[in-house]
>>> print(open('work00.tsv').read())   # TSV, C-alpha atoms
chain	number	residue	atom	x	y	z
A	1	MET	CA	-2.99	35.63	6.68
A	2	LYS	CA	-3.31	36.30	2.98
A	3	VAL	CA	-1.87	34.04	0.28
A	4	ILE	CA	-2.32	33.71	-3.48
A	5	CYS	CA	-1.74	30.47	-5.38
A	6	GLN	CA	-2.83	28.55	-8.45
A	7	LYS	CA	-5.80	26.23	-8.03
A	8	SER	CA	-3.74	23.28	-9.34
A	9	GLN	CA	-1.06	23.87	-6.69
A	10	LEU	CA	-3.54	24.24	-3.85
A	11	LEU	CA	-5.53	21.20	-4.93
A	12	ARG	CA	-2.37	19.09	-5.20
A	13	GLY	CA	-1.46	20.04	-1.67
A	14	ILE	CA	-4.96	19.33	-0.34
A	15	ASN	CA	-5.10	15.93	-2.07
A	16	THR	CA	-1.70	15.01	-0.66
A	17	VAL	CA	-2.34	15.84	2.99
A	18	SER	CA	-6.03	14.81	3.03
A	19	LYS	CA	-4.93	11.20	3.35
A	20	ALA	CA	-3.94	11.97	6.96
A	21	VAL	CA	-7.21	13.71	7.90
A	22	SER	CA	-9.11	11.79	10.57
A	23	ASN	CA	-12.58	10.54	9.60
A	24	LYS	CA	-13.52	9.11	12.98
A	25	THR	CA	-12.63	11.36	15.86
A	26	THR	CA	-14.17	13.34	18.68
A	27	MET	CA	-11.43	15.96	18.23
A	28	THR	CA	-12.71	18.22	15.46
A	29	ILE	CA	-9.30	19.83	14.98
A	30	LEU	CA	-8.11	16.49	13.50
A	31	GLU	CA	-10.71	16.93	10.74
A	32	CYS	CA	-8.87	20.06	9.60
A	33	ILE	CA	-6.01	20.96	7.28
A	34	LEU	CA	-3.55	23.47	8.67
A	35	ILE	CA	-2.42	26.17	6.22
A	36	GLU	CA	0.54	28.21	7.40
A	37	THR	CA	3.32	30.38	6.05
A	38	GLU	CA	6.77	29.41	7.21
A	39	ASP	CA	10.18	30.45	5.87
A	40	ASN	CA	8.48	32.20	2.94
A	41	GLN	CA	6.69	28.97	2.00
A	42	ILE	CA	3.05	27.91	2.06
A	43	LYS	CA	2.75	24.69	4.01
A	44	LEU	CA	-0.26	22.37	4.33
A	45	THR	CA	-0.45	19.79	7.13
A	46	ALA	CA	-2.88	17.09	8.24
A	47	ASN	CA	-2.39	14.84	11.25
A	48	ASP	CA	-4.62	12.15	12.77
A	49	THR	CA	-1.97	11.41	15.49
A	50	GLU	CA	-1.12	8.05	13.87
A	51	LEU	CA	-0.24	9.42	10.40
A	52	GLY	CA	0.82	12.95	9.56
A	53	ILE	CA	1.52	14.51	6.16
A	54	GLU	CA	3.07	17.87	5.39
A	55	THR	CA	3.65	19.36	1.95
A	56	ILE	CA	4.88	22.66	0.49
A	57	ILE	CA	3.08	24.39	-2.38
A	58	ASP	CA	4.05	27.32	-4.59
A	59	GLY	CA	2.35	30.65	-4.10
A	60	GLU	CA	2.67	34.28	-3.02
A	61	ILE	CA	2.56	35.25	0.65
A	62	VAL	CA	1.00	38.69	1.07
A	63	THR	CA	0.51	38.47	4.84
A	64	PRO	CA	1.98	35.61	6.91
A	65	GLY	CA	-0.13	33.59	9.33
A	66	LYS	CA	-1.91	30.27	9.81
A	67	ILE	CA	-5.41	28.82	9.90
A	68	ALA	CA	-6.97	25.37	10.32
A	69	LEU	CA	-9.83	24.69	7.86
A	70	GLU	CA	-12.30	21.79	7.92
A	71	ALA	CA	-10.83	19.49	5.28
A	72	LYS	CA	-13.99	18.15	3.63
A	73	ILE	CA	-15.72	21.46	2.87
A	74	PHE	CA	-12.44	23.20	1.99
A	75	SER	CA	-11.49	20.43	-0.43
A	76	GLU	CA	-14.90	20.41	-2.11
A	77	ILE	CA	-14.88	24.17	-2.58
A	78	ILE	CA	-11.42	24.21	-4.16
A	79	LYS	CA	-12.28	21.31	-6.50
A	80	LYS	CA	-15.22	23.25	-7.93
A	81	LEU	CA	-13.36	26.51	-8.53
A	82	PRO	CA	-12.21	27.68	-11.99
A	83	GLU	CA	-8.63	26.96	-13.08
A	84	SER	CA	-7.24	30.27	-11.94
A	85	ASP	CA	-5.51	32.07	-9.08
A	86	ILE	CA	-7.08	31.62	-5.64
A	87	ILE	CA	-6.80	34.19	-2.87
A	88	LEU	CA	-7.13	32.93	0.72
A	89	GLU	CA	-7.54	35.60	3.36
A	90	THR	CA	-8.25	35.12	7.05
A	91	GLU	CA	-9.56	37.47	9.75
A	92	ALA	CA	-8.72	37.46	13.44
A	93	ASN	CA	-11.97	35.65	14.31
A	94	GLY	CA	-11.12	32.75	11.95
A	95	ASN	CA	-13.40	33.81	9.09
A	96	THR	CA	-11.66	32.78	5.87
A	97	SER	CA	-12.56	34.22	2.49
A	98	ILE	CA	-11.84	32.40	-0.76
A	99	HIS	CA	-11.67	34.47	-3.96
A	100	CYS	CA	-11.35	33.05	-7.47
A	101	GLU	CA	-12.24	35.18	-10.48
A	102	GLN	CA	-15.81	36.41	-9.81
A	103	LEU	CA	-16.45	33.88	-7.03
A	104	HIS	CA	-16.26	34.84	-3.38
A	105	CYS	CA	-17.15	32.57	-0.46
A	106	ASN	CA	-16.45	32.32	3.25
A	107	ILE	CA	-15.86	29.48	5.68
A	108	MET	CA	-15.01	29.54	9.38
A	109	GLY	CA	-11.58	28.36	10.38
A	110	ARG	CA	-9.97	27.54	13.70
A	111	PRO	CA	-6.83	28.97	15.30
A	112	GLY	CA	-3.73	27.34	13.87
A	113	ASP	CA	-2.19	27.12	17.34
A	114	ASP	CA	-4.79	24.47	18.25
A	115	PHE	CA	-3.43	22.12	15.58
A	116	ALA	CA	-1.21	19.17	16.52
A	117	HIS	CA	2.04	19.54	14.58
A	118	LEU	CA	4.02	16.55	13.35
A	119	PRO	CA	6.51	15.05	15.82
A	120	GLU	CA	10.13	16.06	15.38
A	121	ILE	CA	12.13	13.20	13.84
A	122	SER	CA	15.91	13.03	14.02
A	123	ARG	CA	17.56	13.26	10.58
A	124	GLU	CA	20.86	11.67	11.60
A	125	ASN	CA	20.60	8.26	9.92
A	126	LYS	CA	19.21	8.36	6.41
A	127	ILE	CA	18.14	5.37	4.30
A	128	THR	CA	17.59	6.12	0.62
A	129	VAL	CA	15.24	4.13	-1.62
A	130	SER	CA	14.23	4.67	-5.23
A	131	GLN	CA	10.68	6.05	-5.46
A	132	TYR	CA	9.87	3.49	-8.13
A	133	ASP	CA	11.21	0.58	-6.08
A	134	LEU	CA	9.34	1.60	-2.93
A	135	LYS	CA	6.09	2.04	-4.83
A	136	GLU	CA	6.56	-1.37	-6.45
A	137	VAL	CA	7.33	-3.32	-3.26
A	138	ILE	CA	4.26	-1.82	-1.62
A	139	ARG	CA	2.09	-2.76	-4.61
A	140	GLN	CA	3.49	-6.29	-4.59
A	141	THR	CA	2.84	-6.96	-0.89
A	142	ILE	CA	0.08	-4.69	0.43
A	143	PHE	CA	-2.79	-6.94	-0.66
A	144	SER	CA	-1.94	-9.54	1.99
A	145	VAL	CA	-2.02	-7.11	4.91
A	146	SER	CA	-4.85	-8.05	7.28
A	147	ASP	CA	-7.72	-5.64	7.95
A	148	ASN	CA	-8.52	-7.38	11.25
A	149	GLU	CA	-7.71	-4.88	14.00
A	150	ASN	CA	-7.79	-7.68	16.59
A	151	ASN	CA	-4.34	-8.73	15.38
A	152	LYS	CA	-2.51	-5.45	15.12
A	153	LEU	CA	0.80	-6.83	13.84
A	154	MET	CA	-0.90	-8.32	10.78
A	155	THR	CA	-2.25	-4.86	9.83
A	156	GLY	CA	1.33	-3.76	9.14
A	157	GLU	CA	4.26	-4.78	6.98
A	158	LEU	CA	7.69	-5.80	8.20
A	159	LEU	CA	10.51	-3.75	6.66
A	160	ASN	CA	13.90	-5.37	7.14
A	161	ILE	CA	16.98	-3.51	5.96
A	162	LYS	CA	20.27	-5.40	6.04
A	163	ASP	CA	23.39	-4.38	4.13
A	164	ASN	CA	22.10	-3.33	0.70
A	165	MET	CA	18.85	-5.34	0.78
A	166	LEU	CA	15.33	-4.21	1.68
A	167	THR	CA	12.88	-7.04	2.42
A	168	VAL	CA	9.16	-6.28	2.83
A	169	THR	CA	6.86	-8.92	4.34
A	170	SER	CA	3.11	-9.04	4.95
A	171	LEU	CA	0.69	-11.77	6.03
A	172	ASP	CA	-2.98	-12.12	6.93
A	173	GLY	CA	-3.26	-15.67	8.27
A	174	HIS	CA	-4.06	-17.21	4.87
A	175	ARG	CA	-1.05	-16.07	2.83
A	176	ILE	CA	2.37	-14.49	3.04
A	177	SER	CA	3.96	-12.00	0.64
A	178	VAL	CA	7.69	-11.29	0.55
A	179	ARG	CA	9.47	-8.89	-1.80
A	180	LYS	CA	13.21	-8.09	-1.87
A	181	ILE	CA	14.99	-5.22	-3.60
A	182	GLU	CA	18.60	-4.08	-3.71
A	183	LEU	CA	19.47	-0.64	-2.38
A	184	SER	CA	22.21	1.55	-3.81
A	185	ASP	CA	24.03	1.70	-0.44
A	186	SER	CA	24.57	-0.60	2.55
A	187	TYR	CA	23.05	0.03	5.97
A	188	GLU	CA	23.06	-1.42	9.47
A	189	GLU	CA	20.36	-4.02	10.08
A	190	THR	CA	17.04	-2.40	10.92
A	191	GLU	CA	13.66	-4.07	11.42
A	192	ILE	CA	10.39	-2.16	11.85
A	193	ILE	CA	6.65	-2.77	11.38
A	194	VAL	CA	4.92	0.00	9.41
A	195	PRO	CA	1.11	0.23	9.39
A	196	GLY	CA	-0.44	-0.92	6.12
A	197	LYS	CA	-2.51	2.28	5.96
A	198	THR	CA	0.68	4.37	5.95
A	199	LEU	CA	2.21	2.38	3.10
A	200	GLN	CA	-1.00	2.52	1.07
A	201	GLU	CA	-1.10	6.30	1.36
A	202	ILE	CA	2.63	6.60	0.59
A	203	SER	CA	2.08	4.56	-2.57
A	204	LYS	CA	-0.75	6.87	-3.68
A	205	ILE	CA	1.17	10.12	-3.31
A	206	LEU	CA	4.61	8.95	-4.46
A	207	PRO	CA	5.26	10.06	-8.06
A	208	GLY	CA	7.24	6.82	-8.48
A	209	GLU	CA	10.02	8.05	-10.75
A	210	ALA	CA	12.99	5.69	-10.93
A	211	LYS	CA	15.47	8.58	-10.99
A	212	ASP	CA	14.02	10.13	-7.82
A	213	SER	CA	14.42	8.85	-4.29
A	214	VAL	CA	12.72	8.71	-0.89
A	215	ASN	CA	14.68	9.30	2.30
A	216	LEU	CA	13.64	7.23	5.32
A	217	TYR	CA	14.44	8.24	8.91
A	218	ILE	CA	13.60	5.75	11.66
A	219	THR	CA	13.24	6.21	15.43
A	220	ASP	CA	11.97	3.86	18.14
A	221	LYS	CA	8.36	4.90	17.58
A	222	HIS	CA	8.16	6.66	14.20
A	223	ILE	CA	9.22	6.53	10.59
A	224	LEU	CA	9.61	9.62	8.41
A	225	PHE	CA	9.37	9.47	4.61
A	226	GLU	CA	10.84	12.52	2.87
A	227	PHE	CA	10.46	13.13	-0.87
A	228	GLU	CA	10.28	16.24	-3.01
A	229	ASN	CA	8.31	18.84	-0.98
A	230	THR	CA	6.48	16.32	1.19
A	231	LEU	CA	7.00	14.72	4.61
A	232	VAL	CA	5.02	11.72	5.88
A	233	VAL	CA	5.38	10.73	9.53
A	234	SER	CA	3.84	7.53	10.88
A	235	ARG	CA	3.78	5.72	14.17
A	236	LEU	CA	5.32	2.25	14.05
A	237	LEU	CA	3.52	-0.85	15.28
A	238	GLU	CA	5.03	-2.27	18.46
A	239	GLY	CA	5.81	-5.94	18.91
A	240	LYS	CA	7.84	-8.73	17.33
A	241	PHE	CA	6.75	-9.80	13.85
A	242	TYR	CA	6.11	-13.44	13.03
A	243	ASN	CA	9.07	-15.65	12.18
A	244	ILE	CA	7.99	-16.54	8.67
A	245	ASN	CA	11.16	-18.55	8.02
A	246	GLN	CA	9.58	-21.32	10.09
A	247	MET	CA	6.64	-21.34	7.66
A	248	LEU	CA	8.68	-21.42	4.45
A	249	SER	CA	10.12	-24.62	3.04
A	250	THR	CA	12.31	-25.39	0.05
A	251	ASP	CA	10.95	-28.95	-0.08
A	252	TYR	CA	8.43	-29.85	-2.76
A	253	GLU	CA	6.86	-32.93	-4.31
A	254	THR	CA	5.32	-31.14	-7.30
A	255	LYS	CA	6.76	-28.23	-9.25
A	256	ILE	CA	4.91	-26.61	-12.15
A	257	THR	CA	5.86	-23.83	-14.55
A	258	VAL	CA	2.98	-22.15	-16.36
A	259	ASN	CA	2.27	-19.03	-18.43
A	260	LYS	CA	1.22	-16.38	-15.94
A	261	MET	CA	-1.35	-14.58	-18.11
A	262	ASP	CA	-3.04	-17.81	-19.19
A	263	LEU	CA	-3.43	-18.90	-15.57
A	264	LEU	CA	-4.49	-15.44	-14.44
A	265	ARG	CA	-7.23	-15.20	-17.10
A	266	CYS	CA	-8.55	-18.60	-16.11
A	267	LEU	CA	-8.56	-17.78	-12.40
A	268	ASP	CA	-10.14	-14.40	-13.07
A	269	ARG	CA	-12.99	-16.10	-14.92
A	270	SER	CA	-13.47	-18.53	-12.05
A	271	THR	CA	-14.14	-15.70	-9.59
A	272	LEU	CA	-17.37	-14.97	-11.50
A	273	PHE	CA	-18.79	-18.14	-9.96
A	274	VAL	CA	-17.93	-17.30	-6.35
A	275	LYS	CA	-19.69	-14.80	-4.09
A	276	GLU	CA	-17.42	-12.78	-1.82
A	277	SER	CA	-18.74	-14.61	1.26
A	278	ASP	CA	-18.48	-18.02	-0.42
A	279	LYS	CA	-15.65	-20.39	0.51
A	280	LYS	CA	-15.78	-22.47	-2.67
A	281	PRO	CA	-12.27	-23.32	-3.87
A	282	ILE	CA	-10.95	-23.59	-7.37
A	283	ILE	CA	-9.56	-27.10	-7.75
A	284	LEU	CA	-6.32	-27.64	-9.65
A	285	LYS	CA	-5.89	-31.16	-10.95
A	286	ILE	CA	-2.29	-31.48	-12.12
A	287	GLU	CA	-1.40	-34.43	-14.34
A	288	SER	CA	1.50	-34.94	-16.79
A	289	GLU	CA	1.78	-31.76	-18.87
A	290	LYS	CA	-1.62	-30.27	-18.19
A	291	MET	CA	-3.67	-28.78	-15.37
A	292	GLU	CA	-7.45	-28.96	-15.16
A	293	LEU	CA	-9.11	-26.10	-13.27
A	294	MET	CA	-12.60	-26.64	-11.85
A	295	ILE	CA	-15.00	-24.62	-9.73
A	296	SER	CA	-18.65	-25.18	-8.79
A	297	SER	CA	-21.04	-23.07	-6.71
A	298	GLU	CA	-24.71	-22.12	-6.44
A	299	ILE	CA	-24.13	-19.63	-9.26
A	300	GLY	CA	-22.78	-22.20	-11.71
A	301	SER	CA	-19.62	-24.08	-12.59
A	302	MET	CA	-16.55	-23.81	-14.79
A	303	ARG	CA	-13.98	-26.25	-16.11
A	304	ASP	CA	-10.85	-25.21	-17.99
A	305	GLN	CA	-7.47	-26.65	-18.93
A	306	LEU	CA	-3.94	-25.29	-19.26
A	307	MET	CA	-0.70	-26.75	-20.55
A	308	LEU	CA	2.33	-26.62	-18.28
A	309	GLU	CA	5.70	-28.09	-17.40
A	310	LYS	CA	5.66	-30.42	-14.40
A	311	GLU	CA	8.27	-32.04	-12.20
A	312	GLY	CA	7.31	-34.60	-9.57
A	313	LYS	CA	3.99	-36.11	-8.56
A	314	ASP	CA	0.48	-35.59	-9.89
A	315	LEU	CA	-1.59	-33.56	-7.45
A	316	THR	CA	-5.11	-32.30	-6.81
A	317	ILE	CA	-5.30	-29.19	-4.63
A	318	GLY	CA	-7.78	-26.37	-3.97
A	319	PHE	CA	-7.35	-22.64	-3.30
A	320	ASN	CA	-9.35	-19.50	-2.79
A	321	PRO	CA	-9.08	-18.19	-6.37
A	322	LYS	CA	-8.85	-14.56	-5.20
A	323	PHE	CA	-5.64	-15.29	-3.28
A	324	LEU	CA	-3.99	-16.71	-6.40
A	325	VAL	CA	-5.26	-13.81	-8.53
A	326	ASP	CA	-3.89	-11.20	-6.08
A	327	ALA	CA	-0.42	-12.74	-6.24
A	328	LEU	CA	-0.31	-13.26	-10.01
A	329	ARG	CA	-1.41	-9.69	-10.75
A	330	VAL	CA	1.71	-8.22	-9.14
A	331	ILE	CA	4.24	-10.62	-10.69
A	332	ASP	CA	5.82	-9.18	-13.83
A	333	GLU	CA	7.36	-12.37	-15.27
A	334	GLU	CA	5.86	-14.11	-18.31
A	335	GLU	CA	6.08	-17.52	-16.63
A	336	ILE	CA	5.72	-18.44	-12.97
A	337	THR	CA	6.83	-21.45	-10.96
A	338	ILE	CA	4.68	-22.96	-8.21
A	339	TYR	CA	6.06	-25.40	-5.63
A	340	MET	CA	3.71	-27.79	-3.77
A	341	ILE	CA	4.14	-30.65	-1.29
A	342	ASN	CA	0.65	-32.13	-0.99
A	343	SER	CA	-3.03	-31.13	-0.98
A	344	ILE	CA	-2.98	-29.76	2.58
A	345	ALA	CA	0.37	-27.93	2.63
A	346	PRO	CA	0.83	-24.34	1.40
A	347	CYS	CA	2.01	-23.68	-2.14
A	348	ILE	CA	4.83	-21.25	-2.79
A	349	ILE	CA	5.15	-19.06	-5.87
A	350	ARG	CA	8.66	-17.68	-6.26
A	351	ASP	CA	11.40	-16.90	-8.72
A	352	GLU	CA	14.83	-18.55	-8.68
A	353	ASN	CA	16.44	-15.69	-6.77
A	354	ALA	CA	13.50	-15.41	-4.32
A	355	SER	CA	13.21	-11.69	-5.11
A	356	TYR	CA	9.50	-12.33	-4.67
A	357	LEU	CA	7.74	-15.10	-2.76
A	358	TYR	CA	4.03	-15.75	-2.19
A	359	LEU	CA	2.83	-18.49	0.15
A	360	ILE	CA	-0.87	-19.44	-0.06
A	361	LEU	CA	-2.73	-21.88	2.17
A	362	PRO	CA	-4.91	-24.43	0.35
A	363	ILE	CA	-8.58	-25.25	1.02
A	364	ASN	CA	-9.59	-28.83	1.81
A	365	VAL	CA	-11.19	-30.38	-1.31
A	366	ASN	CA	-11.82	-33.89	0.02
A	367	ASN	CA	-15.59	-33.43	-0.16
A	368	SER	CA	-15.60	-31.90	-3.63
A	369	VAL	CA	-16.78	-34.20	-6.40
A	370	TYR	CA	-16.22	-33.66	-10.14
>>> encode(input="work00.tsv", output="structure tokens")
Amino acid sequence: MKVICQKSQLLRGINTVSKAVSNKTTMTILECILIETEDNQIKLTANDTELGIETIIDGEIVTPGKIALEAKIFSEIIKKLPESDIILETEANGNTSIHCEQLHCNIMGRPGDDFAHLPEISRENKITVSQYDLKEVIRQTIFSVSDNENNKLMTGELLNIKDNMLTVTSLDGHRISVRKIELSDSYEETEIIVPGKTLQEISKILPGEAKDSVNLYITDKHILFEFENTLVVSRLLEGKFYNINQMLSTDYETKITVNKMDLLRCLDRSTLFVKESDKKPIILKIESEKMELMISSEIGSMRDQLMLEKEGKDLTIGFNPKFLVDALRVIDEEEITIYMINSIAPCIIRDENASYLYLILPINVNNSVY
């Protein structure tokens, strides 16, 4: 094989597919990127058997062929090359030469036939989503995906498509995130659980233009994302997701409306006084038209006050400040509304149309003294 392409094109392709290169495997072929010429195109592929990414780059094909190159060394070499044309040339024994201006180096590759190609996904039923919308709903929910592999379902997000509405849900045992967006067309009801890792990587490589779209194709075991010159195939998580409707309530005893940025700045400051392993809550003491925020730890203490609008009862309640910060950072509104029942029931942050909803469990503050 011999191909010629711009460094910027090759590096874009490497950066895109590298997100599906396996870091922990006994199969060394999964640590490789496959470069192959197909239908007069240069295609790069990586596949860790759970997530696979394929992308097309521009370039000139002098001699067709394919080679699998160890991703880490190949990527590092290309990053350090001058901004110029790169010539990749392989020999029958797998030796691959890389030319760029005066530079010439060699690395050993592996036969392309050893590489595990992406599974074939039926393209019959297409669901189209705006790139911008998909990137946004991932950003606004991914932080509450669990990283605990002991509970596999919590490491993914529920995607529910019904009529012209896409609802994305994640939870980690301490909080729930729900985000709804309207689609341009209506579809039959579909419900799948997509691994959080897949959605994180999709979010990183999606350009996110509102005028551009992503096509989704779903089978019993896989989901395919198709956009521009890139395909991403992921296994789905098996099982039935939690019925979060049983956990959500429209009842409340206290409702507050507060400026989001003022609250976020205050909460952000409070995290300075909490170590990551510490369970110290920030205490919200809500009275009349003000809220006092207090936190105390071995590092120090902080007390602050915000003005707000309140309906219902006065209330004192405590939360992990990071959980509140994570939710507020992805809400775009100037003001937010928080609904609470009592000091031991979850609070819910949502807008009137419930296009977003964040449920956060409180921390017991009975033994805290201020």
>>> residues_around(input="work00.tsv", residues="Ser18 (chain A)", least_positions_apart="2", cutoff="10 Å", atoms="all atoms listed in the file", output="list of chain:residue names")
A:Arg12, A:Gly13, A:Ile14, A:Asn15, A:Thr16, A:Ala20, A:Val21, A:Ser22, A:Glu31, A:Cys32, A:Ile33, A:Leu44, A:Thr45, A:Ala46, A:Asn47, A:Gly52, A:Ile53, A:Glu54, A:Ala71, A:Lys72, A:Ser75, A:Glu201
>>> closest_residue(input="work00.tsv", among="A:His174, A:Ser203, A:Asn243, A:Lys79", to="Leu158 (chain A)", atoms="only C-alpha atoms")
A:Asn243
>>> closest_residue(input="work00.tsv", among="A:Ile256, A:Ile161, A:Val325, A:Ile244", to="Thr271 (chain A)", atoms="only C-alpha atoms")
A:Val325
>>> residues_around(input="work00.tsv", residues="region 276-279 of chain A", least_positions_apart="2", cutoff="10 Å", atoms="only C-alpha atoms", output="list of chain:residue names")
A:Thr271, A:Leu272, A:Phe273, A:Val274, A:Pro281, A:Ile282, A:Ser297, A:Glu298, A:Phe319, A:Asn320, A:Pro321, A:Lys322, A:Ile363
>>> residues_around(input="work00.tsv", residues="Asp326 (chain A)", least_positions_apart="5", cutoff="10 Å", atoms="only C-alpha atoms", output="count of residues only")
9
>>> closest_residue(input="work00.tsv", among="A:Ser84, A:Arg235, A:Lys19, A:Glu188", to="Glu50 (chain A)", atoms="all atoms listed in the file")
A:Arg235
>>> closest_residue(input="work00.tsv", among="A:Ile78, A:Tyr356, A:Thr167, A:Asn259", to="Ile336 (chain A)", atoms="all atoms listed in the file")
A:Asn259
>>> atom_distance(input="work00.tsv", atom1="CA of Ala92 (chain A)", atom2="CA of Leu118 (chain A)")
24.5 Å
>>> atom_distance(input="work00.tsv", atom1="CA of Ser343 (chain A)", atom2="CA of Thr316 (chain A)")
6.3 Å
>>> atom_distance(input="work00.tsv", atom1="CA of Asn93 (chain A)", atom2="CA of Ile67 (chain A)")
10.4 Å
>>> closest_residue(input="work00.tsv", among="A:Cys266, A:Ala327, A:Met247, A:Leu224", to="Asn125 (chain A)", atoms="only C-alpha atoms")
A:Leu224
>>> residues_around(input="work00.tsv", residues="Met154 (chain A)", least_positions_apart="3", cutoff="8 Å", atoms="only C-alpha atoms", output="list in words")
Val145, Ser146, Asp147, Asn148, Asn151, Glu157, Ser170, Leu171 and Asp172 of chain A
>>> residues_around(input="work00.tsv", residues="Ile42 (chain A)", least_positions_apart="5", cutoff="8 Å", atoms="only C-alpha atoms", output="PyMOL selection string")
chain A and resi 35-37+56-59+61
>>> closest_atom_pairs(input="work00.tsv", of="region 168-282 of chain A", to="region 132-137 of chain A", cutoff="9 Å", atoms="all atoms listed in the file", output="CSV")
residue,atom,partner,partner_atom,distance
A:Val168,CA,A:Val137,CA,7.0
A:Val178,CA,A:Val137,CA,8.8
A:Arg179,CA,A:Val137,CA,6.1
A:Lys180,CA,A:Val137,CA,7.7
A:Ile181,CA,A:Asp133,CA,7.4
A:Leu199,CA,A:Lys135,CA,8.8
A:Ile202,CA,A:Lys135,CA,7.9
A:Ser203,CA,A:Lys135,CA,5.2
A:Lys204,CA,A:Lys135,CA,8.5
A:Leu206,CA,A:Lys135,CA,7.1
A:Pro207,CA,A:Tyr132,CA,8.0
A:Gly208,CA,A:Tyr132,CA,4.3
A:Glu209,CA,A:Tyr132,CA,5.3
A:Ala210,CA,A:Tyr132,CA,4.7
A:Lys211,CA,A:Tyr132,CA,8.1
A:Asp212,CA,A:Tyr132,CA,7.8
A:Ser213,CA,A:Tyr132,CA,8.0
A:Val214,CA,A:Leu134,CA,8.1
>>> write_last_selection(input="work00.tsv", atoms="C-alpha atoms", output="PDB file, keeping the file's coordinate frame")
ATOM      1  CA  VAL A 168       9.160  -6.280   2.830  1.00  0.00           C
ATOM      2  CA  VAL A 178       7.690 -11.290   0.550  1.00  0.00           C
ATOM      3  CA  ARG A 179       9.470  -8.890  -1.800  1.00  0.00           C
ATOM      4  CA  LYS A 180      13.210  -8.090  -1.870  1.00  0.00           C
ATOM      5  CA  ILE A 181      14.990  -5.220  -3.600  1.00  0.00           C
ATOM      6  CA  LEU A 199       2.210   2.380   3.100  1.00  0.00           C
ATOM      7  CA  ILE A 202       2.630   6.600   0.590  1.00  0.00           C
ATOM      8  CA  SER A 203       2.080   4.560  -2.570  1.00  0.00           C
ATOM      9  CA  LYS A 204      -0.750   6.870  -3.680  1.00  0.00           C
ATOM     10  CA  LEU A 206       4.610   8.950  -4.460  1.00  0.00           C
ATOM     11  CA  PRO A 207       5.260  10.060  -8.060  1.00  0.00           C
ATOM     12  CA  GLY A 208       7.240   6.820  -8.480  1.00  0.00           C
ATOM     13  CA  GLU A 209      10.020   8.050 -10.750  1.00  0.00           C
ATOM     14  CA  ALA A 210      12.990   5.690 -10.930  1.00  0.00           C
ATOM     15  CA  LYS A 211      15.470   8.580 -10.990  1.00  0.00           C
ATOM     16  CA  ASP A 212      14.020  10.130  -7.820  1.00  0.00           C
ATOM     17  CA  SER A 213      14.420   8.850  -4.290  1.00  0.00           C
ATOM     18  CA  VAL A 214      12.720   8.710  -0.890  1.00  0.00           C
TER      19      VAL A 214
END
>>> closest_residue(input="work00.tsv", among="A:Arg329, A:His222, A:His104, A:Lys66", to="Lys260 (chain A)", atoms="only C-alpha atoms")
A:Arg329
>>> decode(input="work00.tsv", residues="region 100-108 of chain A", atoms="N, CA, C and O atoms", output="PDB file, in the first residue's frame")
ATOM      1  N   CYS A 100       8.025  12.460   5.408  1.00  0.00           N
ATOM      2  CA  CYS A 100       7.479  13.816   5.470  1.00  0.00           C
ATOM      3  C   CYS A 100       8.634  14.796   5.344  1.00  0.00           C
ATOM      4  O   CYS A 100       9.505  14.867   6.229  1.00  0.00           O
ATOM      5  N   GLU A 101       8.666  15.522   4.232  1.00  0.00           N
ATOM      6  CA  GLU A 101       9.787  16.405   3.923  1.00  0.00           C
ATOM      7  C   GLU A 101      11.100  15.618   4.009  1.00  0.00           C
ATOM      8  O   GLU A 101      11.247  14.595   3.351  1.00  0.00           O
ATOM      9  N   GLN A 102      12.039  16.029   4.875  1.00  0.00           N
ATOM     10  CA  GLN A 102      13.323  15.328   4.942  1.00  0.00           C
ATOM     11  C   GLN A 102      13.295  14.122   5.885  1.00  0.00           C
ATOM     12  O   GLN A 102      14.248  13.351   5.954  1.00  0.00           O
ATOM     13  N   LEU A 103      12.179  13.976   6.620  1.00  0.00           N
ATOM     14  CA  LEU A 103      12.105  12.928   7.647  1.00  0.00           C
ATOM     15  C   LEU A 103      11.678  11.599   7.037  1.00  0.00           C
ATOM     16  O   LEU A 103      10.793  11.540   6.200  1.00  0.00           O
ATOM     17  N   HIS A 104      12.319  10.537   7.523  1.00  0.00           N
ATOM     18  CA  HIS A 104      11.964   9.193   7.084  1.00  0.00           C
ATOM     19  C   HIS A 104      12.098   8.261   8.284  1.00  0.00           C
ATOM     20  O   HIS A 104      13.154   8.200   8.913  1.00  0.00           O
ATOM     21  N   CYS A 105      11.007   7.576   8.628  1.00  0.00           N
ATOM     22  CA  CYS A 105      11.087   6.604   9.720  1.00  0.00           C
ATOM     23  C   CYS A 105      10.284   5.369   9.360  1.00  0.00           C
ATOM     24  O   CYS A 105       9.470   5.377   8.435  1.00  0.00           O
ATOM     25  N   ASN A 106      10.517   4.293  10.137  1.00  0.00           N
ATOM     26  CA  ASN A 106       9.858   3.022   9.877  1.00  0.00           C
ATOM     27  C   ASN A 106       9.256   2.459  11.152  1.00  0.00           C
ATOM     28  O   ASN A 106       9.852   2.576  12.226  1.00  0.00           O
ATOM     29  N   ILE A 107       8.076   1.863  11.031  1.00  0.00           N
ATOM     30  CA  ILE A 107       7.500   1.094  12.127  1.00  0.00           C
ATOM     31  C   ILE A 107       6.943  -0.201  11.550  1.00  0.00           C
ATOM     32  O   ILE A 107       6.618  -0.272  10.366  1.00  0.00           O
ATOM     33  N   MET A 108       6.853  -1.222  12.400  1.00  0.00           N
ATOM     34  CA  MET A 108       6.324  -2.503  11.943  1.00  0.00           C
ATOM     35  C   MET A 108       4.802  -2.523  12.100  1.00  0.00           C
ATOM     36  O   MET A 108       4.266  -2.149  13.142  1.00  0.00           O
TER      37      MET A 108
END
